[in-house]
Amino acid sequence: MGRGRAANYDDQREMILDRAAALFAQRGSAGTSMNQVAEACGLSKATLYHYYTDKDALVASIAEGHVARLQEIVREALALEGLTPDERMRHMIRQLVDEYANAQNAHRVLTEDVRFLQPEVRERVLDQEREVVAGFAQVIGALRPDLKAAALSKPLTMLLFGMINWMFTWMRPDGAMDYDAMAPVVTDLFLGGLGAVQVPRPLPPS
């Protein structure tokens, strides 16, 4: 009979992913060894390999877990009843920005390290991302059927993601605005242009 999993297996696995993502975000996966991941986790290398067979498996798990949460945001938003397309888009952008705020390391891994994975694994992650893009494009099409007819729903979705995806590169933890304040700014700018942007509430003094 095979040995069963330890009671804390899932917690240990999430800890490994969290600390590996922090290392990869700081150094890149190519610049990080499995020895360094094991050390950051307080584990032996043998124990680390019990959870993940190699570094690519770690990168894939971090990226897939992150995009899976984005997929869930889209699925839940599309399932909400009684929302106008405008309200649905605002809800989706808010939830997406909130997720990014709490997953900056995983998002950096997704944007910078997935391209180095084996083609079949990379394609699996891309399929997840395509579902997220399709969900946003669907709402854009509901907002502006003329844009959908002109095949602009997806390009506009990618422009929206261009605003959101790289916020982690310039937003600072001690900056004038946090992610919560930026979410409505992004939404106003995307839906109404510069003239629609409302001045965010001031942040409380630190």
# chains A, B, ... in the order shown; residues from 1 in each chain; ligands from 1

call {"tool": "residues_around", "arguments": {"residues": "Asp86 (chain A)", "least_positions_apart": "3", "cutoff": "10 Å", "atoms": "only C-alpha atoms", "output": "list in words"}}
result
Leu83, Met89, Arg90, His91, Met92, Val139, Ile140, Ala142, Leu143, Thr187 and Leu191 of chain A

call {"tool": "select_by_dssp", "arguments": {"residues": "region 71-121 of chain A", "states": "alpha helix (DSSP H)", "output": "PyMOL selection string"}}
result
chain A and resi 71-79+85-101+104-112+119-121

call {"tool": "residues_around", "arguments": {"residues": "Ser61 (chain A)", "least_positions_apart": "2", "cutoff": "12 Å", "atoms": "only C-alpha atoms", "output": "ChimeraX atom specification"}}
result
/A:13-14,16-18,20-21,51-59,63-68,106,109-110,113-114,117,121-122,124-125

call {"tool": "residues_around", "arguments": {"residues": "region 36-41 of chain A", "least_positions_apart": "5", "cutoff": "9 Å", "atoms": "only C-alpha atoms", "output": "VMD selection string"}}
result
chain A and resid 15 to 16 19 to 20 23 46 to 48

call {"tool": "write_last_selection", "arguments": {"atoms": "N, CA and C atoms", "output": "PDB file, in the first residue's frame"}}
result
ATOM      1  N   MET A  15       2.644  26.797   0.396  1.00  0.00           N
ATOM      2  CA  MET A  15       3.800  27.534   0.900  1.00  0.00           C
ATOM      3  C   MET A  15       4.939  27.490  -0.105  1.00  0.00           C
ATOM      4  N   ILE A  16       5.184  26.324  -0.687  1.00  0.00           N
ATOM      5  CA  ILE A  16       6.245  26.182  -1.681  1.00  0.00           C
ATOM      6  C   ILE A  16       5.963  27.093  -2.885  1.00  0.00           C
ATOM      7  N   ARG A  19       6.531  30.856  -1.955  1.00  0.00           N
ATOM      8  CA  ARG A  19       7.927  31.265  -1.799  1.00  0.00           C
ATOM      9  C   ARG A  19       8.700  31.126  -3.106  1.00  0.00           C
ATOM     10  N   ALA A  20       8.366  30.130  -3.897  1.00  0.00           N
ATOM     11  CA  ALA A  20       9.003  30.001  -5.201  1.00  0.00           C
ATOM     12  C   ALA A  20       8.619  31.176  -6.095  1.00  0.00           C
ATOM     13  N   LEU A  23      10.678  34.169  -5.227  1.00  0.00           N
ATOM     14  CA  LEU A  23      12.041  34.062  -5.746  1.00  0.00           C
ATOM     15  C   LEU A  23      12.083  34.275  -7.259  1.00  0.00           C
ATOM     16  N   ALA A  46      15.272  16.975  -1.263  1.00  0.00           N
ATOM     17  CA  ALA A  46      14.519  15.741  -1.478  1.00  0.00           C
ATOM     18  C   ALA A  46      13.035  15.941  -1.194  1.00  0.00           C
ATOM     19  N   THR A  47      12.740  16.673  -0.116  1.00  0.00           N
ATOM     20  CA  THR A  47      11.336  16.941   0.217  1.00  0.00           C
ATOM     21  C   THR A  47      10.692  17.813  -0.844  1.00  0.00           C
ATOM     22  N   LEU A  48      11.428  18.821  -1.334  1.00  0.00           N
ATOM     23  CA  LEU A  48      10.898  19.684  -2.387  1.00  0.00           C
ATOM     24  C   LEU A  48      10.543  18.864  -3.625  1.00  0.00           C
TER      25      LEU A  48
END

call {"tool": "closest_residue", "arguments": {"among": "A:Ala101, A:Ala150, A:Met34, A:Val197", "to": "Asp178 (chain A)", "atoms": "only C-alpha atoms"}}
result
A:Ala101

call {"tool": "residues_around", "arguments": {"residues": "region 158-174 of chain A", "least_positions_apart": "6", "cutoff": "12 Å", "atoms": "only C-alpha atoms", "output": "VMD selection string"}}
result
chain A and resid 25 89 92 to 112 129 to 130 132 to 137 140 152 180 to 191 203 to 206

call {"tool": "atom_distance", "arguments": {"atom1": "CA of Gly141 (chain A)", "atom2": "CA of Ser153 (chain A)"}}
result
5.8 Å

call {"tool": "atom_distance", "arguments": {"atom1": "CA of Gln198 (chain A)", "atom2": "CA of Lys148 (chain A)"}}
result
27.4 Å
